[in-house]
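K.L.:
work-v1.cif is reproduced in full below (mmCIF, C-alpha atoms).
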data_target
#
loop_
_atom_site.label_atom_id
_atom_site.label_comp_id
_atom_site.auth_asym_id
_atom_site.auth_seq_id
_atom_site.Cartn_x
_atom_site.Cartn_y
_atom_site.Cartn_z
CA MET A 150 -34.91 99.75 199.74
CA ALA A 151 -36.95 102.84 198.99
CA ALA A 152 -40.52 101.70 198.52
CA SER A 153 -41.70 103.11 195.24
CA SER A 154 -45.42 103.47 195.11
CA ALA A 155 -48.07 105.57 193.47
CA VAL A 156 -50.51 104.78 196.27
CA THR A 157 -51.22 107.84 198.39
CA ALA A 158 -50.69 108.21 202.08
CA ASP A 159 -53.78 110.00 203.22
CA TYR A 160 -55.92 106.99 204.05
CA VAL A 161 -58.41 108.09 201.44
CA LEU A 162 -60.77 105.76 199.62
CA LYS A 163 -59.66 106.74 196.14
CA PRO A 164 -62.16 105.73 193.45
CA PRO A 165 -60.93 103.50 190.63
CA PRO A 166 -59.71 105.42 187.53
CA TYR A 167 -62.92 104.40 185.71
CA SER A 168 -66.62 104.25 186.58
CA LEU A 169 -67.92 101.29 188.53
CA ASP A 170 -69.60 99.76 185.47
CA ALA A 171 -66.71 100.40 183.08
CA LEU A 172 -65.20 96.91 183.42
CA GLU A 173 -68.40 95.11 182.43
CA PRO A 174 -69.01 92.43 181.33
CA HIS A 175 -65.72 91.15 182.74
CA MET A 176 -66.17 92.54 186.24
CA SER A 177 -69.66 93.69 187.13
CA ARG A 178 -70.78 97.00 188.60
CA GLN A 179 -72.27 94.98 191.46
CA THR A 180 -68.85 93.52 192.27
CA LEU A 181 -67.22 96.96 192.18
CA GLU A 182 -69.98 98.38 194.39
CA PHE A 183 -69.28 95.76 197.03
CA HIS A 184 -65.57 95.23 196.52
CA TRP A 185 -64.62 98.91 196.33
CA GLY A 186 -67.66 100.42 198.05
CA LYS A 187 -67.77 98.07 201.05
CA HIS A 188 -64.61 95.97 201.41
CA HIS A 189 -62.00 98.54 200.38
CA ARG A 190 -63.89 101.32 202.18
CA ALA A 191 -63.93 99.26 205.40
CA TYR A 192 -60.16 98.74 205.30
CA VAL A 193 -59.62 102.51 204.92
CA ASP A 194 -62.16 103.44 207.63
CA ASN A 195 -60.85 100.82 210.05
CA LEU A 196 -57.26 101.86 209.43
CA LYS A 197 -58.11 105.47 210.29
CA LYS A 198 -59.70 104.36 213.56
CA GLN A 199 -56.83 102.05 214.40
CA VAL A 200 -54.10 104.58 213.76
CA LEU A 201 -55.76 107.56 215.48
CA GLY A 202 -53.79 108.61 218.50
CA SER A 203 -51.04 106.07 217.91
CA GLU A 204 -47.46 106.65 216.81
CA LEU A 205 -48.49 105.53 213.32
CA GLU A 206 -50.87 108.46 212.90
CA GLY A 207 -49.92 110.63 209.92
CA LYS A 208 -47.46 108.07 208.56
CA THR A 209 -47.69 106.96 204.95
CA LEU A 210 -49.35 103.66 204.08
CA ASP A 211 -45.99 102.33 202.92
CA HIS A 212 -44.42 103.23 206.26
CA ILE A 213 -47.20 101.55 208.23
CA ILE A 214 -47.04 98.41 206.09
CA LEU A 215 -43.26 98.08 206.35
CA ASN A 216 -43.29 98.75 210.10
CA THR A 217 -46.13 96.45 211.07
CA TYR A 218 -45.22 93.42 208.97
CA ASN A 219 -42.78 92.40 211.67
CA ASN A 220 -41.37 89.44 209.68
CA GLY A 221 -44.78 87.83 209.39
CA ASP A 222 -45.73 88.17 213.04
CA LEU A 223 -48.17 90.87 212.05
CA LEU A 224 -48.77 93.88 214.21
CA HIS A 225 -52.22 95.34 214.65
CA ALA A 226 -52.52 97.84 211.80
CA PHE A 227 -50.92 95.66 209.13
CA ASN A 228 -54.06 94.06 207.70
CA ASN A 229 -56.01 97.26 207.20
CA ALA A 230 -53.03 99.24 205.90
CA ALA A 231 -51.86 96.55 203.50
CA GLN A 232 -55.36 95.82 202.25
CA ALA A 233 -56.02 99.54 201.66
CA TRP A 234 -52.79 99.69 199.67
CA ASN A 235 -53.44 96.42 197.79
CA HIS A 236 -56.93 97.39 196.71
CA GLU A 237 -55.98 100.80 195.37
CA PHE A 238 -53.14 99.09 193.49
CA PHE A 239 -55.59 96.48 192.17
CA TRP A 240 -58.09 99.00 190.72
CA GLU A 241 -55.20 100.74 188.98
CA SER A 242 -53.93 97.41 187.64
CA MET A 243 -57.05 97.17 185.49
CA LYS A 244 -58.66 99.23 182.76
CA PRO A 245 -61.63 98.94 180.40
CA GLY A 246 -60.51 97.21 177.21
CA GLY A 247 -57.38 95.93 178.90
CA GLY A 248 -55.73 92.55 178.96
CA GLY A 249 -53.94 90.55 176.31
CA LYS A 250 -50.29 90.77 175.34
CA PRO A 251 -48.23 93.89 176.03
CA SER A 252 -45.78 95.31 173.48
CA GLY A 253 -42.46 97.10 173.38
CA GLU A 254 -40.13 97.12 176.36
CA LEU A 255 -42.54 95.27 178.64
CA LEU A 256 -43.00 92.40 176.20
CA ALA A 257 -39.23 92.20 175.71
CA LEU A 258 -38.70 91.94 179.48
CA LEU A 259 -41.42 89.31 179.88
CA GLU A 260 -39.78 87.31 177.11
CA ARG A 261 -36.38 87.76 178.71
CA ASP A 262 -37.46 86.67 182.19
CA PHE A 263 -40.14 84.07 181.37
CA THR A 264 -38.98 83.03 177.82
CA SER A 265 -42.39 84.00 176.38
CA TYR A 266 -45.57 85.90 177.22
CA GLU A 267 -47.37 82.53 177.23
CA LYS A 268 -45.01 81.17 179.88
CA PHE A 269 -45.56 84.28 181.99
CA TYR A 270 -49.34 83.90 181.50
CA ASP A 271 -49.21 80.28 182.69
CA GLU A 272 -47.04 81.10 185.68
CA PHE A 273 -49.18 84.04 186.78
CA ASN A 274 -52.31 81.97 186.25
CA ALA A 275 -50.92 79.10 188.32
CA ALA A 276 -49.87 81.40 191.15
CA ALA A 277 -53.33 82.96 191.32
CA ALA A 278 -55.05 79.58 191.12
CA THR A 279 -52.95 77.88 193.78
CA GLN A 280 -52.87 80.56 196.46
CA PHE A 281 -54.71 78.56 199.14
CA GLY A 282 -57.37 80.61 200.88
CA ALA A 283 -57.32 84.39 200.60
CA GLY A 284 -54.49 86.30 198.97
CA TRP A 285 -53.01 87.91 195.89
CA ALA A 286 -50.89 87.02 192.88
CA TRP A 287 -48.33 89.51 191.60
CA LEU A 288 -45.95 90.43 188.84
CA ALA A 289 -43.05 92.04 190.66
CA TYR A 290 -39.60 93.43 190.05
CA ALA A 291 -36.47 92.75 192.10
CA ASP A 292 -32.74 92.48 191.39
CA ASN A 293 -33.34 93.67 187.85
CA LYS A 294 -35.71 90.79 187.08
CA LEU A 295 -39.43 90.31 186.67
CA LYS A 296 -40.98 87.54 188.69
CA VAL A 297 -44.37 86.10 189.65
CA MET A 298 -45.26 85.90 193.34
CA LYS A 299 -48.24 84.83 195.42
CA THR A 300 -49.00 86.05 198.90
CA PRO A 301 -51.54 85.14 201.60
CA ASN A 302 -54.22 87.43 203.00
CA ALA A 303 -52.87 91.01 203.05
CA VAL A 304 -49.18 90.38 202.45
CA ASN A 305 -47.66 92.19 199.47
CA PRO A 306 -44.24 92.26 197.73
CA LEU A 307 -43.21 95.50 199.48
CA VAL A 308 -42.55 93.56 202.67
CA LEU A 309 -40.72 90.85 200.76
CA GLY A 310 -38.18 93.16 199.16
CA SER A 311 -39.79 93.48 195.72
CA PHE A 312 -41.56 96.20 193.72
CA PRO A 313 -45.14 95.28 192.86
CA LEU A 314 -46.04 95.87 189.18
CA LEU A 315 -49.39 94.07 188.74
CA THR A 316 -51.80 92.28 191.02
CA ILE A 317 -54.93 90.15 190.99
CA ASP A 318 -57.05 89.83 194.14
CA VAL A 319 -57.92 86.17 194.76
CA TRP A 320 -59.89 86.60 197.97
CA GLU A 321 -63.27 85.00 197.28
CA HIS A 322 -65.05 88.35 197.52
CA ALA A 323 -63.18 89.44 194.37
CA TYR A 324 -64.91 86.89 192.14
CA TYR A 325 -67.67 85.19 194.02
CA LEU A 326 -70.57 87.24 192.60
CA ASP A 327 -69.41 87.22 188.96
CA PHE A 328 -67.91 83.74 188.70
CA GLN A 329 -70.49 81.72 190.57
CA GLN A 330 -69.88 78.17 191.64
CA ASN A 331 -66.34 78.79 192.76
CA ARG A 332 -64.92 79.42 189.28
CA ARG A 333 -61.67 81.11 190.25
CA PRO A 334 -59.81 79.82 187.13
CA ASP A 335 -62.33 81.58 184.84
CA TYR A 336 -61.93 84.81 186.81
CA ILE A 337 -58.14 84.69 186.44
CA LYS A 338 -58.37 84.10 182.67
CA THR A 339 -60.85 86.96 182.29
CA PHE A 340 -58.52 89.25 184.22
CA MET A 341 -55.52 88.31 182.06
CA ASN A 342 -57.41 88.47 178.76
CA ASN A 343 -59.63 91.49 179.34
CA LEU A 344 -58.62 93.67 182.27
CA VAL A 345 -54.86 94.06 182.80
CA SER A 346 -53.61 97.63 182.33
CA TRP A 347 -50.14 97.23 180.84
CA GLU A 348 -49.79 101.02 180.86
CA ALA A 349 -49.97 100.95 184.64
CA VAL A 350 -47.47 98.09 184.75
CA SER A 351 -45.08 100.03 182.49
CA SER A 352 -45.15 103.19 184.54
CA ARG A 353 -44.68 101.21 187.75
CA LEU A 354 -41.72 99.43 186.19
CA HIS A 355 -40.11 102.76 185.29
CA ALA A 356 -40.62 103.99 188.84
CA ALA A 357 -39.20 100.74 190.22
CA LYS A 358 -36.09 100.96 188.03
CA ALA A 359 -35.58 104.60 188.99
CA ALA A 360 -35.92 103.78 192.69
CA SER A 361 -33.52 100.82 192.36
CA SER A 362 -30.82 102.80 190.64
CA SER A 363 -31.13 105.75 193.01
CA SER A 364 -30.63 103.53 196.02
CA ALA A 365 -27.88 101.43 194.44
CA MET B 400 -82.62 64.16 201.38
CA ALA B 401 -80.00 65.85 199.20
CA ILE B 402 -79.78 63.62 196.18
CA ARG B 403 -76.26 62.46 195.50
CA SER B 404 -75.80 59.38 193.43
CA LEU B 405 -72.63 57.76 194.59
CA ALA B 406 -73.36 54.49 192.84
CA SER B 407 -71.08 55.13 189.87
CA ARG B 408 -68.32 56.45 192.09
CA ARG B 409 -68.54 53.43 194.42
CA THR B 410 -68.46 51.02 191.46
CA LEU B 411 -65.36 52.65 189.99
CA ALA B 412 -63.66 52.68 193.37
CA GLY B 413 -64.57 49.01 193.81
CA LEU B 414 -63.13 48.06 190.43
CA LYS B 415 -59.94 49.94 191.17
CA GLU B 416 -59.51 48.22 194.49
CA THR B 417 -60.15 44.78 192.98
CA SER B 418 -57.62 45.31 190.20
CA SER B 419 -55.06 46.62 192.68
CA ARG B 420 -55.53 43.54 194.85
CA LEU B 421 -55.22 41.25 191.83
CA LEU B 422 -51.91 42.92 191.01
CA GLY B 423 -50.85 42.46 194.61
CA LEU B 424 -50.63 46.22 195.16
CA ARG B 425 -51.70 47.91 198.36
CA SER B 426 -54.51 50.28 197.41
CA ILE B 427 -54.97 53.56 199.17
CA GLN B 428 -58.19 54.57 200.84
CA THR B 429 -59.81 57.36 198.85
CA PHE B 430 -62.69 59.55 199.91
CA THR B 431 -66.13 60.49 198.69
CA LEU B 432 -68.32 63.49 199.30
CA PRO B 433 -70.65 62.70 202.23
CA ASP B 434 -74.36 63.27 201.76
CA LEU B 435 -75.99 66.05 203.73
CA PRO B 436 -78.53 64.76 206.26
CA TYR B 437 -81.03 67.46 205.14
CA ASP B 438 -82.10 69.25 201.94
CA TYR B 439 -80.07 72.18 200.68
CA SER B 440 -82.90 74.59 201.48
CA ALA B 441 -83.61 73.17 204.94
CA LEU B 442 -81.42 75.68 206.77
CA GLU B 443 -83.19 78.74 205.40
CA PRO B 444 -83.42 81.56 206.18
CA ALA B 445 -80.20 81.35 208.19
CA ILE B 446 -78.21 79.89 205.30
CA SER B 447 -79.64 79.96 201.79
CA GLY B 448 -80.19 76.83 199.73
CA GLU B 449 -78.04 78.35 197.00
CA ILE B 450 -75.07 78.63 199.35
CA MET B 451 -75.58 75.13 200.74
CA GLN B 452 -75.65 73.59 197.27
CA ILE B 453 -72.55 75.40 196.00
CA HIS B 454 -70.73 74.91 199.30
CA HIS B 455 -71.39 71.16 199.24
CA GLN B 456 -71.26 70.32 195.51
CA LYS B 457 -68.48 72.68 194.45
CA HIS B 458 -66.29 73.56 197.39
CA HIS B 459 -66.40 70.39 199.49
CA GLN B 460 -66.38 68.22 196.36
CA ALA B 461 -63.25 70.05 195.12
CA TYR B 462 -61.47 69.35 198.42
CA VAL B 463 -62.40 65.66 198.14
CA THR B 464 -61.27 65.41 194.51
CA ASN B 465 -58.00 67.23 195.14
CA TYR B 466 -57.36 65.30 198.35
CA ASN B 467 -57.74 62.02 196.48
CA ASN B 468 -55.39 63.24 193.76
CA ALA B 469 -52.80 64.29 196.31
CA LEU B 470 -53.10 60.92 198.07
CA GLU B 471 -52.56 59.04 194.80
CA GLN B 472 -49.48 61.11 194.09
CA LEU B 473 -48.28 60.60 197.65
CA ASP B 474 -48.74 56.85 197.34
CA GLN B 475 -46.65 56.75 194.19
CA ALA B 476 -43.96 58.96 195.69
CA VAL B 477 -43.80 56.83 198.86
CA ASN B 478 -43.53 53.64 196.81
CA LYS B 479 -40.74 55.14 194.72
CA GLY B 480 -38.93 56.47 197.76
CA ASP B 481 -39.17 59.99 196.34
CA ALA B 482 -38.71 61.95 199.54
CA SER B 483 -38.77 65.43 198.08
CA THR B 484 -42.11 64.83 196.31
CA VAL B 485 -43.52 63.39 199.53
CA VAL B 486 -42.58 66.57 201.35
CA LYS B 487 -43.78 68.81 198.52
CA LEU B 488 -47.23 67.21 198.64
CA GLN B 489 -47.76 67.99 202.32
CA SER B 490 -49.32 71.41 201.80
CA ALA B 491 -51.84 70.08 199.25
CA ILE B 492 -52.70 67.24 201.62
CA LYS B 493 -53.11 69.57 204.59
CA PHE B 494 -55.22 72.00 202.61
CA ASN B 495 -57.48 69.56 200.79
CA GLY B 496 -57.58 66.88 203.47
CA GLY B 497 -58.26 69.56 206.04
CA GLY B 498 -61.01 70.95 203.82
CA HIS B 499 -62.64 67.51 203.67
CA VAL B 500 -62.29 66.91 207.41
CA ASN B 501 -63.59 70.33 208.38
CA HIS B 502 -66.57 70.38 206.04
CA SER B 503 -67.60 66.85 207.02
CA ILE B 504 -67.85 68.08 210.61
CA PHE B 505 -69.58 71.31 209.56
CA TRP B 506 -72.52 69.57 207.85
CA LYS B 507 -73.15 67.67 211.09
CA ASN B 508 -72.82 70.88 213.10
CA LEU B 509 -75.87 72.23 211.27
CA ALA B 510 -79.49 71.09 211.46
CA PRO B 511 -82.85 72.43 210.29
CA VAL B 512 -84.81 74.19 213.01
CA LYS B 513 -87.49 71.51 212.90
CA GLU B 514 -84.85 68.90 213.67
CA GLY B 515 -83.44 70.76 216.65
CA GLY B 516 -81.22 73.29 214.94
CA GLY B 517 -80.59 76.18 217.32
CA GLU B 518 -81.89 74.38 220.42
CA PRO B 519 -79.51 75.11 223.29
CA PRO B 520 -77.35 72.23 224.55
CA LYS B 521 -78.57 70.39 227.60
CA GLY B 522 -76.87 67.82 229.76
CA ALA B 523 -73.14 67.67 230.29
CA LEU B 524 -72.15 70.01 227.45
CA GLY B 525 -74.67 72.65 228.52
CA GLY B 526 -73.24 72.54 232.02
CA ALA B 527 -69.66 72.71 230.79
CA ILE B 528 -70.47 75.74 228.64
CA ASP B 529 -71.98 77.55 231.63
CA THR B 530 -68.94 76.69 233.70
CA HIS B 531 -66.37 77.84 231.16
CA PHE B 532 -68.16 80.76 229.50
CA GLY B 533 -70.75 81.83 232.03
CA SER B 534 -73.63 81.07 229.70
CA LEU B 535 -74.40 79.99 226.16
CA GLU B 536 -74.76 83.69 225.24
CA GLY B 537 -71.25 84.26 226.52
CA LEU B 538 -69.89 81.47 224.34
CA VAL B 539 -71.81 82.68 221.29
CA LYS B 540 -70.56 86.24 221.78
CA LYS B 541 -66.95 85.05 222.05
CA MET B 542 -67.08 82.76 219.03
CA SER B 543 -68.87 85.35 216.92
CA ALA B 544 -66.31 88.01 217.83
CA GLU B 545 -63.37 85.75 217.03
CA GLY B 546 -64.99 84.59 213.81
CA ALA B 547 -65.62 88.17 212.73
CA ALA B 548 -62.07 89.24 213.53
CA LEU B 549 -60.41 86.41 211.62
CA GLN B 550 -58.42 87.89 208.72
CA GLY B 551 -58.68 86.06 205.44
CA SER B 552 -60.09 82.54 205.44
CA GLY B 553 -60.53 80.09 208.28
CA TRP B 554 -62.74 78.58 210.96
CA VAL B 555 -63.83 79.41 214.48
CA TRP B 556 -64.17 76.42 216.80
CA LEU B 557 -65.58 75.27 220.09
CA GLY B 558 -63.32 72.42 221.11
CA LEU B 559 -62.79 70.04 223.97
CA ASP B 560 -59.29 69.67 225.31
CA LYS B 561 -59.37 65.97 226.14
CA GLU B 562 -56.39 66.09 228.45
CA LEU B 563 -57.20 69.20 230.41
CA LYS B 564 -60.93 68.42 230.28
CA THR B 565 -61.76 72.02 229.40
CA LEU B 566 -63.69 73.70 226.63
CA VAL B 567 -61.75 76.07 224.38
CA VAL B 568 -62.61 78.59 221.69
CA ASP B 569 -60.01 78.90 218.97
CA THR B 570 -59.60 79.76 215.31
CA THR B 571 -57.68 78.06 212.53
CA ALA B 572 -56.49 79.56 209.26
CA ASN B 573 -57.47 78.32 205.83
CA GLN B 574 -58.41 74.62 206.11
CA ASP B 575 -56.23 73.75 209.09
CA PRO B 576 -58.17 71.31 211.28
CA LEU B 577 -58.52 72.16 214.98
CA VAL B 578 -56.02 69.48 215.91
CA THR B 579 -53.26 71.64 214.37
CA LYS B 580 -53.75 74.02 217.32
CA GLY B 581 -53.26 71.22 219.87
CA GLY B 582 -53.06 67.46 219.63
CA SER B 583 -55.60 66.94 222.41
CA LEU B 584 -58.25 69.22 220.90
CA VAL B 585 -61.50 67.61 219.71
CA PRO B 586 -63.79 69.78 217.56
CA LEU B 587 -67.34 70.10 218.89
CA VAL B 588 -68.65 72.99 216.79
CA GLY B 589 -66.89 74.57 213.83
CA ILE B 590 -68.15 77.57 211.91
CA ASP B 591 -66.77 78.17 208.44
CA VAL B 592 -65.88 81.86 208.00
CA TRP B 593 -64.44 81.57 204.50
CA GLU B 594 -66.28 84.10 202.34
CA HIS B 595 -67.79 81.28 200.27
CA ALA B 596 -69.71 80.19 203.39
CA TYR B 597 -71.82 83.36 203.42
CA TYR B 598 -71.04 85.77 200.58
CA LEU B 599 -73.96 85.14 198.23
CA GLN B 600 -76.39 85.90 201.04
CA TYR B 601 -74.64 88.20 203.48
CA LYS B 602 -72.02 89.76 201.15
CA ASN B 603 -69.31 91.51 203.15
CA VAL B 604 -71.35 91.53 206.38
CA ARG B 605 -69.76 88.51 208.06
CA PRO B 606 -71.06 89.52 211.54
CA GLU B 607 -74.63 89.19 210.24
CA TYR B 608 -73.91 85.63 209.07
CA LEU B 609 -72.40 84.85 212.46
CA LYS B 610 -75.45 86.24 214.21
CA ASN B 611 -77.78 84.01 212.19
CA VAL B 612 -75.83 80.78 211.94
CA TRP B 613 -76.49 80.00 215.62
CA LYS B 614 -80.17 79.46 214.72
CA VAL B 615 -79.19 76.28 212.90
CA ILE B 616 -76.35 74.95 215.04
CA ASN B 617 -76.90 71.31 215.94
CA TRP B 618 -76.07 71.17 219.65
CA LYS B 619 -77.32 67.57 219.85
CA TYR B 620 -74.42 66.40 217.72
CA ALA B 621 -71.91 68.51 219.68
CA SER B 622 -73.27 66.99 222.92
CA GLU B 623 -72.86 63.46 221.57
CA VAL B 624 -69.25 64.09 220.67
CA TYR B 625 -68.60 65.74 224.03
CA GLU B 626 -70.14 62.90 226.03
CA LYS B 627 -68.31 60.27 224.02
CA GLU B 628 -64.94 61.96 224.55
CA CYS B 629 -65.57 62.52 228.23
CA LYS B 630 -66.15 58.84 229.04
#
Starting from the file, give its structure as structure tokens.

P.N.:
Amino acid sequence: MAASSAVTADYVLKPPPYSLDALEPHMSRQTLEFHWGKHHRAYVDNLKKQVLGSELEGKTLDHIILNTYNNGDLLHAFNNAAQAWNHEFFWESMKPGGGGKPSGELLALLERDFTSYEKFYDEFNAAAATQFGAGWAWLAYADNKLKVMKTPNAVNPLVLGSFPLLTIDVWEHAYYLDFQQNRRPDYIKTFMNNLVSWEAVSSRLHAAKAASSSSA
Amino acid sequence: MAIRSLASRRTLAGLKETSSRLLGLRSIQTFTLPDLPYDYSALEPAISGEIMQIHHQKHHQAYVTNYNNALEQLDQAVNKGDASTVVKLQSAIKFNGGGHVNHSIFWKNLAPVKEGGGEPPKGALGGAIDTHFGSLEGLVKKMSAEGAALQGSGWVWLGLDKELKTLVVDTTANQDPLVTKGGSLVPLVGIDVWEHAYYLQYKNVRPEYLKNVWKVINWKYASEVYEKECK
């Protein structure tokens, strides 16, 4: 399966497509400064160090991720590569003034595959809330269907045969400063209601469909 | 003393047990959040009072609550002979029960400096550490490195292998208790490296947390466990 992805291969710490305070009050500048500025940066920097001089050097992120997943028995560079990919994908999954219900083709597909936007909302919410420990919840596309997935630590749908369309980071560092006292459920609701970029989801879906049909 | 009023919880639990007995039903043992043997702020500056309070009252309490819920559901499923529900509940039991087990040990693994927190182990455990790791510094370096390298959430442990009579350093993922790495392993010291254990104070710098937590490790408790298991 050709991995379709807008995430670049140069191991660069790409800034989010908005300023660090643009998601306030839903996600604070302080969180972005740490989450993007420290956590994401560390994954990129550590990946560069890890890959230097190895046969992975110069390979795309997608290539590294797919070749180090090793059916779950993770090889050395997987965590940094996948986390670099996941975080860039996460920033682009959000936008200022985002969230709420999509319209048009995307809404029609959500209604087709989940019976309603509300059912999708509940399923995505539940996946994000019940991922034990660190991980991610996803809307993904495979076999012509939309589905909700949850993955542990750095794992993402690419290694599980699906195209990622939307993600929420549920590692504690993603919400611990803004949603004090362990309020992950409030963070998830805020993300769904105020941050999701359905434009990004739409364009990823088009890319996923194109990639599917070209490899069919 | 951290103030936790368990009176209402004990009364409710007592009523439930009485009514279950009157109905001739076997009642399951449920769990309550243990008190900390020190104030929330007593481990400062190594671990902030804010973290201790949230860690105890929100995180550990949530594991206890969810563990009890899972046990109630398990009890019903067992009584009904509902095998697939019994199996489905195992991950919630492992996660929440493990969370309760691990955190109960963790609170005892910590002590304020004025109550011996950070004082190196003497006696049999001190000797065993020197034998297996060269020195206490050697052990600390190894545990800190493994704790820092752990991806995601989990714990780093000093354990005693009861059968082989050796000390081991190991990590577990999420809330897996040490015994999931080996049936003969007894936890002596566990350090929580979930982000919630340090984030409000140390942010992303987990190695800094690991450097400082040793100042409040309660080696007296670890020694007691070690000596008891070695008899």

K.L.:
Please measure the separation of CA of Glu173 (chain A) and CA of Ala233 (chain A), giving the value in Å to one decimal.

P.N.:
23.3 Å

K.L.:
Do me a favour and pick out the residues of chain B within 6 Å of chain A, using all atoms listed in the file, as a list in words.

P.N.:
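Here they are: Ile453, Gly551, Ser552, Asn573 and Glu594 of chain B.
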
K.L.:
Starting from the shown file, work through the PyMOL selection byres ((chain B and resi 565) around 10) and note down what comes out as a count of residues only.

P.N.:
14

K.L.:
Taking the file as shown, find all residues satisfying the PyMOL selection byres ((chain B and resi 470) around 12) and write them as number ranges by chain.

P.N.:
B: 426-430, 462-469, 471-477, 484-485, 488-493, 495-496

K.L.:
Quick one: apply the PyMOL selection byres ((chain B and resi 591) around 9) to the file and drop the selected residues here as number ranges by chain.

P.N.:
B: 501-502, 505, 546, 552-556, 589-590, 592-597

K.L.:
Which polymer residues have any atom within 12 Å of an atom of Gln600 (chain B), counting only C-alpha atoms, with same-chain residues fewer than 3 positions away left out, as a list in words?

P.N.:
Tyr325 and Leu326 of chain A; Glu443, Pro444, Ala445, Ile446, Ser447, Gly448, Glu449, Ile450, Met451, Glu594, His595, Ala596, Tyr597, Asn603, Val604, Arg605, Glu607, Tyr608 and Asn611 of chain B

K.L.:
Go ahead and save the residues from that selection, with C-alpha atoms, as a CSV table (one decimal), in the frame of the given file.

P.N.:
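The result, stored in selection05.csv:
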chain,number,residue,atom,x,y,z
A,325,TYR,CA,-67.7,85.2,194.0
A,326,LEU,CA,-70.6,87.2,192.6
B,443,GLU,CA,-83.2,78.7,205.4
B,444,PRO,CA,-83.4,81.6,206.2
B,445,ALA,CA,-80.2,81.4,208.2
B,446,ILE,CA,-78.2,79.9,205.3
B,447,SER,CA,-79.6,80.0,201.8
B,448,GLY,CA,-80.2,76.8,199.7
B,449,GLU,CA,-78.0,78.4,197.0
B,450,ILE,CA,-75.1,78.6,199.4
B,451,MET,CA,-75.6,75.1,200.7
B,594,GLU,CA,-66.3,84.1,202.3
B,595,HIS,CA,-67.8,81.3,200.3
B,596,ALA,CA,-69.7,80.2,203.4
B,597,TYR,CA,-71.8,83.4,203.4
B,603,ASN,CA,-69.3,91.5,203.2
B,604,VAL,CA,-71.4,91.5,206.4
B,605,ARG,CA,-69.8,88.5,208.1
B,607,GLU,CA,-74.6,89.2,210.2
B,608,TYR,CA,-73.9,85.6,209.1
B,611,ASN,CA,-77.8,84.0,212.2

K.L.:
Just give me the gap between CA of Gln232 (chain A) and CA of Tyr598 (chain B) in Å, one decimal is fine.

P.N.:
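So the answer is 18.7 Å.
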
K.L.:
Can you work out which one of A:Lys163, A:Lys208, A:Lys197, A:Lys244 has the shortest atom-to-atom distance to Asn342 (chain A), counting all atoms listed in the file?

P.N.:
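The answer is A:Lys244, which sits nearest to Asn342 (chain A).
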
K.L.:
Of the candidates A:Gly246, A:Gly221, A:Gly202, A:Gly186, which shows the shortest atom-to-atom distance to Ala171 (chain A), using all atoms listed in the file?

P.N.:
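Residue with the minimum atom-to-atom distance to Ala171 (chain A): A:Gly246.
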
K.L.:
Using only C-alpha atoms, can you tell me which of B:Gln460, B:Leu587, B:Leu535, B:Gly497 comes closest to Glu518 (chain B)?

P.N.:
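Ranking B:Gln460, B:Leu587, B:Leu535, B:Gly497 by distance to Glu518 (chain B), first place goes to B:Leu535.
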
K.L.:
Between A:His175, A:Asn293, A:Ser311, A:Ala286, which has the minimum distance to Tyr270 (chain A) (counting all atoms listed in the file)?

P.N.:
A:Ala286

K.L.:
For a test of reading the model, state the distance in Å between CA of Leu599 (chain B) and CA of Pro436 (chain B), rounded to one decimal.

P.N.:
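CA of Pro436 (chain B) lies at a distance of 22.4 Å from CA of Leu599 (chain B).
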
K.L.:
Find the residues with any atom within 10 Å of (-40.7, 85.4, 193.9); use all atoms listed in the file and the coordinates as given in the file, and write the answer as a list of chain:residue names.

P.N.:
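Using all atoms listed in the file, the matching residues come out as A:Trp287, A:Leu288, A:Ala289, A:Tyr290, A:Ala291, A:Leu295, A:Lys296, A:Val297, A:Met298, A:Lys299, A:Thr300, A:Pro306, A:Leu309, A:Gly310, A:Ser311.
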
K.L.:
Determine, counting all atoms listed in the file, which protein, DNA and RNA residues have an atom within 6 Å of an atom of Met243 (chain A); residues of the same chain fewer than 6 positions away are not included. Present the result as a PDB file with C-alpha atoms, keeping the file's coordinate frame.

P.N.:
ATOM      1  CA  LEU A 344     -58.620  93.670 182.270  1.00  0.00           C
ATOM      2  CA  VAL A 345     -54.860  94.060 182.800  1.00  0.00           C
ATOM      3  CA  SER A 346     -53.610  97.630 182.330  1.00  0.00           C
TER       4      SER A 346
END

K.L.:
Counting only C-alpha atoms, figure out which residue out of B:Gly526, B:Thr570, B:Asn478, B:Lys507 gets nearest to Glu626 (chain B).

P.N.:
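Of the candidates, the smallest distance to Glu626 (chain B) is held by B:Gly526.
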
K.L.:
Need to verify the contact set: Gly207 (chain A), 10 Å, all atoms listed in the file, exclusion of same-chain residues closer than 3 positions in sequence. Can you return it as a list of chain:residue names?

P.N.:
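Final neighbour list, sorted by chain and number: A:Ala158, A:Asp159, A:Tyr160, A:Lys197, A:Val200, A:Leu201, A:Gly202, A:Ser203, A:Glu204, A:Leu210, A:His212, A:Ile213.
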